[in-house]
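Structure file target_8.txt with compact mmCIF, C-alpha atoms and all ligand atoms:
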```
# COMPACT_ATOMS: atom_id res chain seq x y z
CA MET V 5 304.17 77.41 -76.94
CA SER V 6 305.62 78.65 -73.65
CA SER V 7 309.28 78.03 -72.83
CA GLY V 8 310.35 74.55 -71.79
CA LEU V 9 307.53 72.89 -73.73
CA GLN V 10 308.37 71.03 -76.92
CA LYS V 11 305.87 71.38 -79.72
CA ILE V 12 304.96 67.96 -81.04
CA ASP V 13 302.52 67.07 -83.79
CA LEU V 14 300.77 63.77 -83.12
CA THR V 15 297.65 64.29 -85.22
CA SER V 16 298.46 65.47 -88.74
CA GLN V 17 298.21 63.30 -91.85
CA GLY V 18 301.95 63.82 -92.33
CA PHE V 19 302.75 62.43 -88.88
CA LYS V 20 300.46 59.43 -89.26
CA ASN V 21 301.86 58.67 -92.70
CA ASP V 22 305.45 58.85 -91.53
CA PRO V 23 305.98 59.34 -87.79
CA ILE V 24 309.75 58.88 -88.05
CA PRO V 25 310.80 62.55 -88.35
CA VAL V 26 308.75 63.49 -85.24
CA ILE V 27 310.04 60.44 -83.35
CA ARG V 28 313.68 61.14 -84.21
CA GLY V 29 313.26 64.84 -83.36
CA SER V 30 311.79 64.04 -79.95
CA GLN V 31 314.45 61.39 -79.22
CA LYS V 32 317.13 63.97 -79.90
CA ALA V 33 315.58 66.17 -77.23
CA GLY V 34 315.86 63.46 -74.53
CA SER V 35 314.33 60.25 -73.14
CA LEU V 36 311.54 62.35 -71.67
CA ILE V 37 310.19 65.51 -73.26
CA ARG V 38 307.84 68.08 -71.78
CA THR V 39 304.94 68.95 -74.05
CA LYS V 40 301.29 69.93 -74.22
CA LEU V 41 298.80 67.57 -75.87
CA PRO V 42 295.24 68.23 -77.02
CA LEU V 43 292.59 67.31 -74.38
CA ILE V 44 295.35 66.17 -71.99
CA GLY V 45 297.34 69.34 -71.35
CA LYS V 46 300.90 69.60 -70.09
CA CYS V 47 302.66 66.29 -69.70
CA TYR V 48 305.89 64.39 -70.25
CA LEU V 49 306.24 61.97 -73.14
CA THR V 50 308.73 59.08 -73.11
CA THR V 51 310.70 58.79 -76.34
CA THR V 52 312.87 55.69 -75.85
CA HIS V 53 312.16 52.00 -75.40
CA ALA V 54 313.85 51.98 -71.97
CA ALA V 55 311.87 54.94 -70.60
CA THR V 56 308.59 53.62 -72.03
CA THR V 57 308.96 50.13 -70.56
CA ASP V 58 310.13 51.54 -67.19
CA LEU V 59 307.01 53.71 -67.11
CA LEU V 60 304.71 50.78 -67.93
CA LYS V 61 306.32 48.50 -65.39
CA GLY V 62 306.56 51.15 -62.68
CA LYS V 63 303.31 50.57 -60.82
CA ASP V 64 304.99 51.50 -57.53
CA ARG V 65 306.13 54.88 -58.85
CA PHE V 66 303.25 55.77 -61.20
CA ALA V 67 299.48 55.75 -60.74
CA MET V 68 296.66 55.65 -63.28
CA GLN V 69 294.26 57.49 -60.98
CA PRO V 70 295.32 61.13 -60.39
CA LYS V 71 294.01 60.97 -56.83
CA ASN V 72 296.60 58.26 -56.04
CA ALA V 73 299.28 60.81 -56.94
CA GLY V 74 297.79 63.68 -54.98
CA LYS V 75 295.92 65.29 -57.91
CA ARG V 76 292.21 65.92 -58.24
CA ASP V 77 291.35 65.08 -61.84
CA LEU V 78 292.87 64.36 -65.20
CA THR V 79 291.71 67.60 -66.84
CA TRP V 80 289.25 70.40 -66.21
CA TRP V 81 286.84 69.37 -69.00
CA PHE V 82 286.36 65.95 -67.42
CA ASN V 83 284.03 67.57 -64.88
CA PHE V 84 281.72 68.68 -67.68
CA LEU V 85 280.98 65.11 -68.70
CA PRO V 86 277.73 63.69 -67.41
CA GLN V 87 278.10 61.39 -64.41
CA SER V 88 277.18 58.30 -66.48
CA MET V 89 280.02 58.94 -68.94
CA ARG V 90 282.50 59.90 -66.23
CA ARG V 91 281.83 56.60 -64.50
CA LEU V 92 282.80 54.71 -67.66
CA SER V 93 286.21 56.34 -67.82
CA LYS V 94 287.05 54.74 -64.47
CA ASN V 95 287.59 51.24 -65.78
CA MET V 96 290.15 48.49 -65.28
CA LEU V 97 292.68 50.24 -67.53
CA THR V 98 292.49 53.42 -65.50
CA SER V 99 292.60 51.78 -62.08
CA ASP V 100 295.46 51.03 -59.70
CA GLU V 101 296.22 48.16 -57.37
CA PRO V 102 294.46 46.60 -55.53
CA ASP V 103 291.31 47.50 -57.57
CA HIS V 104 293.02 46.63 -60.83
CA ARG V 105 294.14 43.20 -59.64
CA ARG V 106 290.64 42.37 -58.46
CA LEU V 107 289.00 43.42 -61.75
CA ARG V 108 291.65 41.77 -63.88
CA SER V 109 291.39 38.42 -62.10
CA LEU V 110 287.59 38.41 -62.48
CA VAL V 111 287.81 39.20 -66.21
CA ASP V 112 290.78 36.85 -66.76
CA GLN V 113 288.71 34.07 -65.33
CA ALA V 114 285.79 34.82 -67.67
CA PHE V 115 288.01 35.53 -70.69
CA HIS V 116 290.02 32.35 -70.45
CA ARG V 117 287.00 30.14 -70.04
CA GLN V 118 286.67 30.40 -73.82
CA SER V 119 289.86 28.89 -75.16
CA LEU V 120 291.42 30.54 -78.20
CA ALA V 121 291.86 27.17 -79.87
CA ASP V 122 288.08 26.65 -79.69
CA LEU V 123 287.49 30.11 -81.09
CA ARG V 124 289.93 29.74 -83.98
CA SER V 125 287.72 27.85 -86.42
CA ARG V 126 284.87 30.33 -85.89
CA VAL V 127 287.25 33.28 -86.44
CA GLU V 128 288.47 31.63 -89.67
CA GLU V 129 284.87 31.16 -90.82
CA LEU V 130 284.05 34.82 -90.15
CA CYS V 131 287.22 35.98 -91.88
CA ASP V 132 286.31 33.97 -95.00
CA ALA V 133 282.80 35.41 -95.01
CA TYR V 134 284.13 38.99 -94.93
CA LEU V 135 286.81 38.25 -97.51
CA ASP V 136 284.06 36.98 -99.86
CA ARG V 137 282.95 40.60 -100.00
CA LEU V 138 286.16 41.53 -101.82
CA GLU V 139 285.16 39.52 -104.90
CA SER V 140 283.54 42.60 -106.39
CA ALA V 141 286.85 44.49 -106.15
CA ASN V 142 287.78 42.73 -109.38
CA GLN V 143 285.91 45.40 -111.23
CA ASP V 144 286.04 48.48 -109.01
CA PRO V 145 288.12 49.44 -105.98
CA VAL V 146 286.52 48.48 -102.67
CA ASP V 147 287.19 50.11 -99.28
CA PHE V 148 289.07 47.48 -97.26
CA VAL V 149 288.34 49.22 -93.94
CA SER V 150 284.53 49.21 -94.11
CA THR V 151 284.33 45.92 -96.03
CA VAL V 152 286.70 43.73 -93.99
CA ALA V 153 289.01 45.40 -91.47
CA ARG V 154 286.21 46.90 -89.35
CA PRO V 155 283.32 44.42 -89.51
CA PHE V 156 285.52 41.32 -89.03
CA PRO V 157 286.98 42.13 -85.56
CA LEU V 158 283.72 43.83 -84.57
CA THR V 159 281.79 40.64 -85.23
CA VAL V 160 284.43 38.56 -83.43
CA ILE V 161 284.17 40.67 -80.26
CA CYS V 162 280.34 40.69 -80.42
CA GLU V 163 280.37 36.89 -80.61
CA MET V 164 282.90 36.64 -77.79
CA LEU V 165 280.77 38.90 -75.62
CA GLY V 166 277.64 36.93 -76.51
CA ILE V 167 275.70 39.84 -78.04
CA PRO V 168 272.79 38.36 -80.02
CA GLU V 169 273.13 38.81 -83.79
CA LYS V 170 269.88 40.74 -84.15
CA ASP V 171 271.08 43.46 -81.74
CA ARG V 172 274.50 44.03 -83.33
CA PRO V 173 273.76 46.55 -86.12
CA GLN V 174 272.20 49.02 -83.68
CA LEU V 175 275.03 48.65 -81.15
CA MET V 176 277.71 49.00 -83.78
CA GLY V 177 276.14 52.23 -85.04
CA VAL V 178 276.18 53.84 -81.58
CA PHE V 179 279.73 52.72 -80.82
CA GLU V 180 281.04 53.99 -84.12
CA GLY V 181 279.50 57.39 -83.36
CA MET V 182 281.20 57.40 -79.94
CA LEU V 183 284.58 56.49 -81.37
CA LYS V 184 284.38 59.17 -84.01
CA SER V 185 283.69 61.85 -81.39
CA ASN V 186 286.77 63.97 -81.14
CA ASN V 187 285.62 66.52 -78.62
CA LEU V 188 283.45 67.09 -75.61
CA PHE V 189 280.52 68.55 -77.57
CA GLU V 190 280.33 65.61 -79.95
CA LEU V 191 280.35 63.28 -76.95
CA ILE V 192 277.55 65.17 -75.22
CA ARG V 193 275.44 65.09 -78.39
CA LEU V 194 275.58 61.32 -78.22
CA LEU V 195 274.08 61.17 -74.73
CA PRO V 196 270.61 59.86 -75.73
CA LYS V 197 272.20 57.08 -77.80
CA PHE V 198 274.52 56.33 -74.96
CA LYS V 199 271.59 56.00 -72.57
CA GLU V 200 269.94 53.63 -75.03
CA LEU V 201 273.05 51.46 -75.05
CA THR V 202 273.34 51.43 -71.27
CA ASN V 203 269.68 50.37 -70.98
CA TYR V 204 270.30 47.65 -73.53
CA PHE V 205 273.24 46.21 -71.58
CA GLU V 206 271.35 46.40 -68.28
CA GLY V 207 268.58 44.35 -69.89
CA LEU V 208 271.11 41.83 -71.22
CA PHE V 209 272.74 41.47 -67.79
CA GLU V 210 269.35 40.62 -66.28
CA THR V 211 268.57 38.11 -69.03
CA VAL V 212 271.86 36.22 -68.65
CA ARG V 213 271.69 36.42 -64.86
CA ALA V 214 268.45 34.43 -64.99
CA ASN V 215 269.51 32.23 -67.94
CA PRO V 216 273.28 31.91 -68.32
CA GLY V 217 274.23 31.90 -71.97
CA PRO V 218 277.34 31.63 -74.09
CA GLY V 219 279.86 34.47 -74.15
CA LEU V 220 281.85 36.75 -71.92
CA ILE V 221 278.97 38.91 -70.69
CA SER V 222 277.28 35.91 -69.13
CA ALA V 223 280.64 34.67 -67.79
CA LEU V 224 281.30 38.12 -66.25
CA VAL V 225 277.84 38.30 -64.67
CA HIS V 226 278.52 34.95 -63.02
CA ALA V 227 282.27 35.38 -62.43
CA GLU V 228 283.18 34.99 -58.83
CA GLU V 229 286.49 34.82 -57.06
CA ASP V 230 286.73 34.21 -53.33
CA GLY V 231 283.07 35.20 -53.00
CA ASP V 232 283.70 38.46 -54.88
CA GLN V 233 281.66 39.58 -57.93
CA LEU V 234 281.52 42.59 -60.24
CA ASP V 235 278.83 45.09 -59.24
CA LYS V 236 276.45 46.70 -61.76
CA ASP V 237 278.69 49.69 -62.58
CA GLU V 238 281.80 47.54 -62.82
CA LEU V 239 280.04 45.17 -65.20
CA MET V 240 278.97 48.05 -67.42
CA THR V 241 282.43 49.65 -67.58
CA MET V 242 284.08 46.28 -68.21
CA VAL V 243 281.75 45.49 -71.12
CA TYR V 244 282.37 48.93 -72.66
CA LEU V 245 286.14 48.53 -72.23
CA LEU V 246 286.15 45.07 -73.82
CA PHE V 247 283.98 46.21 -76.70
CA VAL V 248 286.03 49.30 -77.54
CA ALA V 249 289.52 47.95 -76.75
CA GLY V 250 288.56 44.67 -78.37
CA HIS V 251 287.96 45.91 -81.85
CA GLU V 252 289.07 49.46 -82.66
CA THR V 253 292.78 48.65 -82.25
CA THR V 254 292.50 45.46 -84.29
CA VAL V 255 290.80 47.36 -87.13
CA HIS V 256 293.90 49.56 -87.33
CA LEU V 257 296.28 46.60 -87.24
CA LEU V 258 294.47 44.95 -90.16
CA SER V 259 294.18 48.01 -92.41
CA GLY V 260 297.54 49.50 -91.36
CA GLY V 261 299.18 46.09 -91.83
CA LEU V 262 297.97 45.84 -95.41
CA TRP V 263 299.19 49.38 -96.05
CA ALA V 264 302.63 48.49 -94.60
CA LEU V 265 302.89 45.39 -96.81
CA GLU V 266 302.18 47.55 -99.84
CA LYS V 267 305.02 49.88 -98.85
CA PHE V 268 307.39 46.90 -98.64
CA PRO V 269 306.53 44.79 -101.71
CA GLU V 270 309.41 42.35 -101.16
CA GLU V 271 308.16 41.52 -97.68
CA ARG V 272 304.63 41.15 -99.03
CA GLU V 273 305.89 38.70 -101.65
CA ARG V 274 307.87 36.76 -99.05
CA LEU V 275 304.72 36.40 -96.95
CA ARG V 276 302.63 35.30 -99.92
CA LYS V 277 305.14 32.60 -100.84
CA ALA V 278 305.83 31.45 -97.25
CA PRO V 279 302.70 32.14 -95.16
CA ALA V 280 304.32 30.57 -92.08
CA ILE V 281 306.34 33.76 -91.54
CA ILE V 282 303.14 35.38 -90.33
CA GLU V 283 304.03 33.82 -86.92
CA THR V 284 306.75 36.46 -86.46
CA GLY V 285 305.31 38.73 -89.15
CA ILE V 286 302.25 39.73 -87.14
CA ASP V 287 304.43 41.16 -84.35
CA GLU V 288 306.45 43.07 -86.92
CA LEU V 289 303.26 44.55 -88.38
CA LEU V 290 302.20 45.47 -84.84
CA ARG V 291 305.55 47.18 -84.26
CA PHE V 292 305.63 48.94 -87.59
CA VAL V 293 302.03 50.19 -87.53
CA SER V 294 301.88 50.86 -83.76
CA PRO V 295 298.03 51.07 -83.82
CA VAL V 296 298.01 52.50 -80.27
CA MET V 297 300.66 55.22 -80.51
CA ILE V 298 300.55 56.46 -76.91
CA THR V 299 299.45 54.99 -73.58
CA LYS V 300 296.93 56.30 -71.11
CA PRO V 301 298.52 58.92 -68.85
CA ARG V 302 300.32 57.85 -65.69
CA PHE V 303 300.90 60.16 -62.67
CA ALA V 304 304.13 60.34 -60.66
CA LYS V 305 303.39 59.22 -57.09
CA GLN V 306 306.43 61.07 -55.71
CA ASP V 307 309.12 63.53 -56.77
CA MET V 308 311.79 61.57 -58.64
CA GLU V 309 314.45 61.59 -61.27
CA PHE V 310 313.20 59.61 -64.25
CA HIS V 311 315.52 58.97 -67.17
CA GLY V 312 317.49 62.13 -66.58
CA THR V 313 314.54 64.43 -65.85
CA GLN V 314 313.34 65.71 -62.49
CA VAL V 315 309.61 64.87 -62.31
CA ARG V 316 307.36 66.18 -59.53
CA ARG V 317 304.59 64.31 -57.70
CA GLY V 318 301.30 64.53 -59.59
CA GLU V 319 302.90 65.28 -62.96
CA MET V 320 301.66 63.31 -65.91
CA ILE V 321 303.79 61.00 -68.07
CA ILE V 322 302.58 59.30 -71.23
CA GLY V 323 304.33 56.39 -72.93
CA PHE V 324 305.07 57.07 -76.60
CA LEU V 325 304.71 53.47 -77.75
CA ALA V 326 305.42 54.26 -81.40
CA ALA V 327 308.71 55.97 -80.49
CA ALA V 328 309.73 52.95 -78.38
CA ASN V 329 308.95 50.72 -81.37
CA PHE V 330 311.41 52.63 -83.57
CA ASP V 331 314.21 52.95 -81.03
CA GLU V 332 317.52 52.29 -82.78
CA ALA V 333 319.08 51.17 -79.50
CA VAL V 334 316.76 48.15 -79.45
CA PHE V 335 315.74 47.38 -83.04
CA GLU V 336 318.16 46.86 -85.93
CA ASP V 337 317.05 48.94 -88.94
CA PRO V 338 313.78 49.89 -87.21
CA GLU V 339 312.53 51.79 -90.23
CA GLU V 340 312.54 48.60 -92.31
CA LEU V 341 309.67 46.11 -92.19
CA ASN V 342 311.25 42.70 -91.52
CA LEU V 343 308.60 40.02 -91.11
CA SER V 344 311.15 37.56 -89.69
CA ARG V 345 312.35 39.96 -86.97
CA LYS V 346 313.17 37.98 -83.82
CA PRO V 347 313.36 38.89 -81.01
CA ASN V 348 310.83 41.66 -81.38
CA PRO V 349 310.26 43.34 -78.01
CA HIS V 350 307.71 45.83 -79.40
CA THR V 351 305.53 47.75 -77.01
CA SER V 352 302.35 47.77 -79.10
CA PHE V 353 300.41 45.84 -76.44
CA GLY V 354 301.73 48.00 -73.60
CA GLY V 355 303.46 46.36 -70.63
CA GLY V 356 303.38 45.81 -66.88
CA ILE V 357 300.12 45.13 -65.07
CA HIS V 358 297.97 46.71 -67.81
CA PHE V 359 299.49 44.58 -70.59
CA CYS V 360 296.77 44.04 -73.19
CA LEU V 361 294.24 41.41 -72.14
CA GLY V 362 293.37 40.57 -75.77
CA PHE V 363 296.86 40.24 -77.27
CA GLN V 364 296.46 36.60 -78.24
CA LEU V 365 293.09 37.22 -79.83
CA ALA V 366 294.38 40.24 -81.78
CA ARG V 367 297.43 38.31 -82.98
CA MET V 368 295.23 35.40 -84.05
CA GLU V 369 292.85 37.65 -85.99
CA GLY V 370 295.80 39.29 -87.76
CA GLN V 371 297.50 36.00 -88.59
CA ILE V 372 294.30 34.54 -90.02
CA LEU V 373 293.41 37.65 -92.01
CA PHE V 374 296.78 38.20 -93.71
CA THR V 375 297.27 34.50 -94.50
CA LYS V 376 293.83 34.12 -96.03
CA LEU V 377 293.89 37.45 -97.82
CA LEU V 378 297.10 36.71 -99.73
CA GLU V 379 296.07 33.12 -100.38
CA ARG V 380 292.66 34.03 -101.79
CA TYR V 381 293.62 37.30 -103.47
CA PRO V 382 297.32 37.10 -104.40
CA ASP V 383 296.94 40.26 -106.48
CA VAL V 384 295.36 42.42 -103.79
CA HIS V 385 296.81 45.93 -104.03
CA LEU V 386 295.97 49.45 -102.94
CA ALA V 387 294.09 51.34 -105.61
CA ILE V 388 296.00 54.52 -104.68
CA ASP V 389 299.57 55.43 -103.82
CA PRO V 390 300.35 54.32 -100.21
CA ASP V 391 301.45 57.89 -99.44
CA ASP V 392 298.02 59.26 -100.43
CA VAL V 393 295.92 57.25 -97.98
CA LEU V 394 293.61 58.98 -95.52
CA TRP V 395 294.49 58.52 -91.84
CA TYR V 396 292.08 58.71 -88.97
CA LYS V 397 292.39 62.09 -87.21
CA ARG V 398 291.85 60.60 -83.79
CA PHE V 399 294.68 61.42 -81.47
CA GLY V 400 296.78 58.55 -80.09
CA LEU V 401 295.59 55.93 -82.55
CA ARG V 402 297.14 55.19 -85.94
CA GLY V 403 294.55 53.84 -88.31
CA LEU V 404 293.19 54.37 -91.76
CA SER V 405 289.83 56.02 -92.39
CA GLU V 406 289.59 54.17 -95.69
CA LEU V 407 291.80 52.02 -97.88
CA PRO V 408 290.65 51.43 -101.45
CA VAL V 409 291.91 48.11 -102.84
CA THR V 410 291.57 46.02 -105.98
CA VAL V 411 292.00 42.26 -106.11
C1 LIG U 501 295.95 45.11 -82.42
C2 LIG U 501 295.15 45.03 -81.39
C3 LIG U 501 295.40 45.61 -80.03
C4 LIG U 501 296.32 46.54 -79.60
C5 LIG U 501 297.39 47.23 -80.44
C6 LIG U 501 296.08 46.76 -78.19
C7 LIG U 501 296.84 47.61 -77.40
C8 LIG U 501 296.68 47.76 -76.04
C9 LIG U 501 297.51 48.61 -75.19
C10 LIG U 501 298.68 49.46 -75.69
C11 LIG U 501 297.06 48.49 -73.92
C12 LIG U 501 297.65 49.17 -72.68
C13 LIG U 501 297.36 50.66 -72.65
C14 LIG U 501 298.04 51.37 -71.50
O1 LIG U 501 298.75 50.75 -70.68
O2 LIG U 501 297.84 52.59 -71.38
C15 LIG U 501 295.92 47.59 -73.95
C16 LIG U 501 295.17 47.24 -72.84
C17 LIG U 501 294.02 46.50 -72.92
N1 LIG U 501 293.53 45.83 -74.02
FE1 LIG U 501 294.34 45.80 -75.87
N2 LIG U 501 295.03 45.98 -77.79
C18 LIG U 501 294.58 45.25 -78.87
C19 LIG U 501 293.55 44.35 -78.88
C20 LIG U 501 292.74 44.04 -77.81
C21 LIG U 501 291.65 43.09 -77.81
C22 LIG U 501 291.25 42.23 -79.01
C23 LIG U 501 291.07 43.14 -76.57
C24 LIG U 501 289.90 42.40 -75.97
C25 LIG U 501 289.34 41.38 -76.38
C26 LIG U 501 291.81 44.10 -75.78
C27 LIG U 501 291.55 44.43 -74.47
C28 LIG U 501 292.36 45.20 -73.67
C29 LIG U 501 292.07 45.47 -72.27
C30 LIG U 501 290.86 44.99 -71.49
C31 LIG U 501 293.12 46.27 -71.79
C32 LIG U 501 293.30 46.80 -70.36
C33 LIG U 501 294.11 45.81 -69.57
C34 LIG U 501 294.34 46.21 -68.12
O3 LIG U 501 294.15 47.37 -67.74
O4 LIG U 501 294.71 45.32 -67.32
N3 LIG U 501 292.81 44.62 -76.56
N4 LIG U 501 295.72 47.15 -75.23
```
Would you mind giving the structure from this file in structure tokens?
Ligand code: HEM
Amino acid sequence: MSSGLQKIDLTSQGFKNDPIPVIRGSQKAGSLIRTKLPLIGKCYLTTTHAATTDLLKGKDRFAMQPKNAGKRDLTWWFNFLPQSMRRLSKNMLTSDEPDHRRLRSLVDQAFHRQSLADLRSRVEELCDAYLDRLESANQDPVDFVSTVARPFPLTVICEMLGIPEKDRPQLMGVFEGMLKSNNLFELIRLLPKFKELTNYFEGLFETVRANPGPGLISALVHAEEDGDQLDKDELMTMVYLLFVAGHETTVHLLSGGLWALEKFPEERERLRKAPAIIETGIDELLRFVSPVMITKPRFAKQDMEFHGTQVRRGEMIIGFLAAANFDEAVFEDPEELNLSRKPNPHTSFGGGIHFCLGFQLARMEGQILFTKLLERYPDVHLAIDPDDVLWYKRFGLRGLSELPVTV
């Protein structure tokens, strides 16, 4: 790597299994390090809690859209994506004020129409149904990811969106293919499937426009604030964002959380005996697993000094959420899992104006899953050594590809 750039490994099995050595190494180099990341290119990475939260809260100094910081595009390969896919990458999470505020208030309105308390009993019912599937793990190990951790939050988000049950298997198949795509060519190969999905959603928008139904999609189609509504493209990108952000991250919290409990058997036992500690425990699992390890890139709107480094207008900075979550200046014994940790100012849901829309839902799903799992299957254990698990290769996310368990 050319001079001035720090080499940093964010993808290997070793890093995903134990990110601490990389985190400590980068923190030693400064609050902000200059590096080159796959698909993204040259950028800065924050390594401390203070720099990460300042970045996330700095909407006046940092932009999500490169053009708002005097740059043309995120990366060269972006221009090779078909127009339909490029459009999708310009969603609420990648937009700046005032567009972001407008989109967020329309979705907030639709999202909060369904109260979490009302949803809770349905989420519990679904969790029980997926946990039933573990019965057979009495005899042989069962993969916790494909049996429970993936289908449970996927079904919850489908129900929230109001996607009819009969259509779900097909949609889930296409989305899984998209999420597994690690490069441009794999994405392009999925184009026909992608078109199919877009046609499907367009049809659903028309149906619920004529006959409002339950769920977020219908609420979004009809959402209106001060006479303002989402247009067709905005609706499509919002539904994709909710679908992807609404389940993939939760899958990793559920499977990574179980893995973390196995690494800390005393904490696991404490939770089994006193399930109420899941109230604080879920935030500790979020901190410890850090399912979203890095943020979307931000662009400096002007030349500035940021945490001791001179950054130029247009340069890219990414928040290293996992490093912030293990910052010794903020967390006592950060490398220990402590389910009673309080306060716990983890950054796993981001911060500032893009703070995760679904944080309460994700917390609720995690609390329900871990409480029920240990209550119904007190002897649930990994069927392999926790250091031999297989991590997802995908860059930026920390999740398990599979997790064999016995009950
Ligand atoms: C364990 C589960 C989850 C984690 C760790 C997580 C993490 C995050 C993070 C880190 C961000 C900010 C990214 C950035 O600033 O670059 C974010 C934003 C977002 N999340 Fe989540 N999320 C989770 C679950 C959910 C769920 C269940 C939903 C939806 C139902 C959701 C919807 C969103 C949306 C829409 C945004 C964009 C918000 C905006 O731009 O205003 N997330 N999430």
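Residues within 9 Å of V:Pro279, counting only C-alpha atoms and excluding same-chain residues fewer than 2 positions away, are Arg274, Leu275, Arg276, Lys277, Ile281, Ile282, Glu283, Phe374, Thr375, Leu378 and Glu379 of chain V.
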task = Could I get the residue neighbourhood of ligand LIG 501 (chain U) at 6 Å, counting all atoms listed in the file, as a ChimeraX atom specification?
result = /V:96-97,108,245-246,249-251,253-254,257,295-296,299-300,352-354,357-363,365-366
List every residue of stretch 9-101 of chain V that has an atom at most 9 Å from any atom of stretch 330-340 of chain V, giving for each one its closest atom pair and the distance in Å to one decimal, counting only C-alpha atoms, sorted by chain and then by ascending residue number, as JSON lines.
```
{"residue": "V:Ile24", "atom": "CA", "partner": "V:Phe330", "partner_atom": "CA", "distance": 7.9}
{"residue": "V:Ile27", "atom": "CA", "partner": "V:Phe330", "partner_atom": "CA", "distance": 7.9}
{"residue": "V:Arg28", "atom": "CA", "partner": "V:Asp331", "partner_atom": "CA", "distance": 8.8}
{"residue": "V:Gln31", "atom": "CA", "partner": "V:Asp331", "partner_atom": "CA", "distance": 8.6}
{"residue": "V:Thr51", "atom": "CA", "partner": "V:Asp331", "partner_atom": "CA", "distance": 8.3}
{"residue": "V:Thr52", "atom": "CA", "partner": "V:Asp331", "partner_atom": "CA", "distance": 6.0}
{"residue": "V:His53", "atom": "CA", "partner": "V:Asp331", "partner_atom": "CA", "distance": 6.1}
{"residue": "V:Ala54", "atom": "CA", "partner": "V:Val334", "partner_atom": "CA", "distance": 8.9}
```
ask   = If you count all atoms listed in the file, which residues fall within 6 Å of stretch 318-328 of chain V, apart from same-chain ones fewer than 5 positions away, as a PyMOL selection string?
value = chain V and resi 27+47-53+56+73-75+294+297-299+301-304+351
message = Residues proximal to (301.1, 49.6, -98.2) were defined as those with any atom within 9 Å of that point in the file's coordinates, counting all atoms listed in the file. Which are they, as a PyMOL selection string?
response = chain V and resi 260-269+385-386+389-391
remark   = Students should find that atom CA of V:Asp122 and atom CA of V:Phe205 are spaced 25.9 Å
Assuming the input is short of atoms at stretch 278-289 of chain V, produce N, CA and C atoms for that part as a short mmCIF file (atom, residue, chain, number, x, y, z; two decimals), keeping the file's coordinate frame.
```
data_model
loop_
_atom_site.label_atom_id
_atom_site.label_comp_id
_atom_site.auth_asym_id
_atom_site.auth_seq_id
_atom_site.Cartn_x
_atom_site.Cartn_y
_atom_site.Cartn_z
N ALA V 278 305.57 32.26 -98.45
CA ALA V 278 305.83 31.45 -97.25
C ALA V 278 304.95 31.94 -96.11
N PRO V 279 303.64 31.58 -96.15
CA PRO V 279 302.70 32.14 -95.16
C PRO V 279 303.10 31.88 -93.70
N ALA V 280 303.96 30.87 -93.48
CA ALA V 280 304.32 30.57 -92.08
C ALA V 280 305.05 31.74 -91.41
N ILE V 281 305.63 32.65 -92.21
CA ILE V 281 306.34 33.76 -91.54
C ILE V 281 305.38 34.74 -90.86
N ILE V 282 304.09 34.51 -91.02
CA ILE V 282 303.14 35.38 -90.33
C ILE V 282 303.27 35.21 -88.80
N GLU V 283 303.82 34.05 -88.37
CA GLU V 283 304.03 33.82 -86.92
C GLU V 283 304.84 34.96 -86.30
N THR V 284 305.96 35.32 -86.95
CA THR V 284 306.75 36.46 -86.46
C THR V 284 306.25 37.74 -87.15
N GLY V 285 305.72 37.57 -88.35
CA GLY V 285 305.31 38.73 -89.15
C GLY V 285 304.25 39.58 -88.47
N ILE V 286 303.33 38.94 -87.73
CA ILE V 286 302.25 39.73 -87.14
C ILE V 286 302.81 40.69 -86.07
N ASP V 287 303.84 40.26 -85.35
CA ASP V 287 304.43 41.16 -84.35
C ASP V 287 305.18 42.29 -85.03
N GLU V 288 305.75 42.00 -86.21
CA GLU V 288 306.45 43.07 -86.92
C GLU V 288 305.44 44.10 -87.45
N LEU V 289 304.29 43.60 -87.90
CA LEU V 289 303.26 44.55 -88.38
C LEU V 289 302.76 45.38 -87.19
#
```
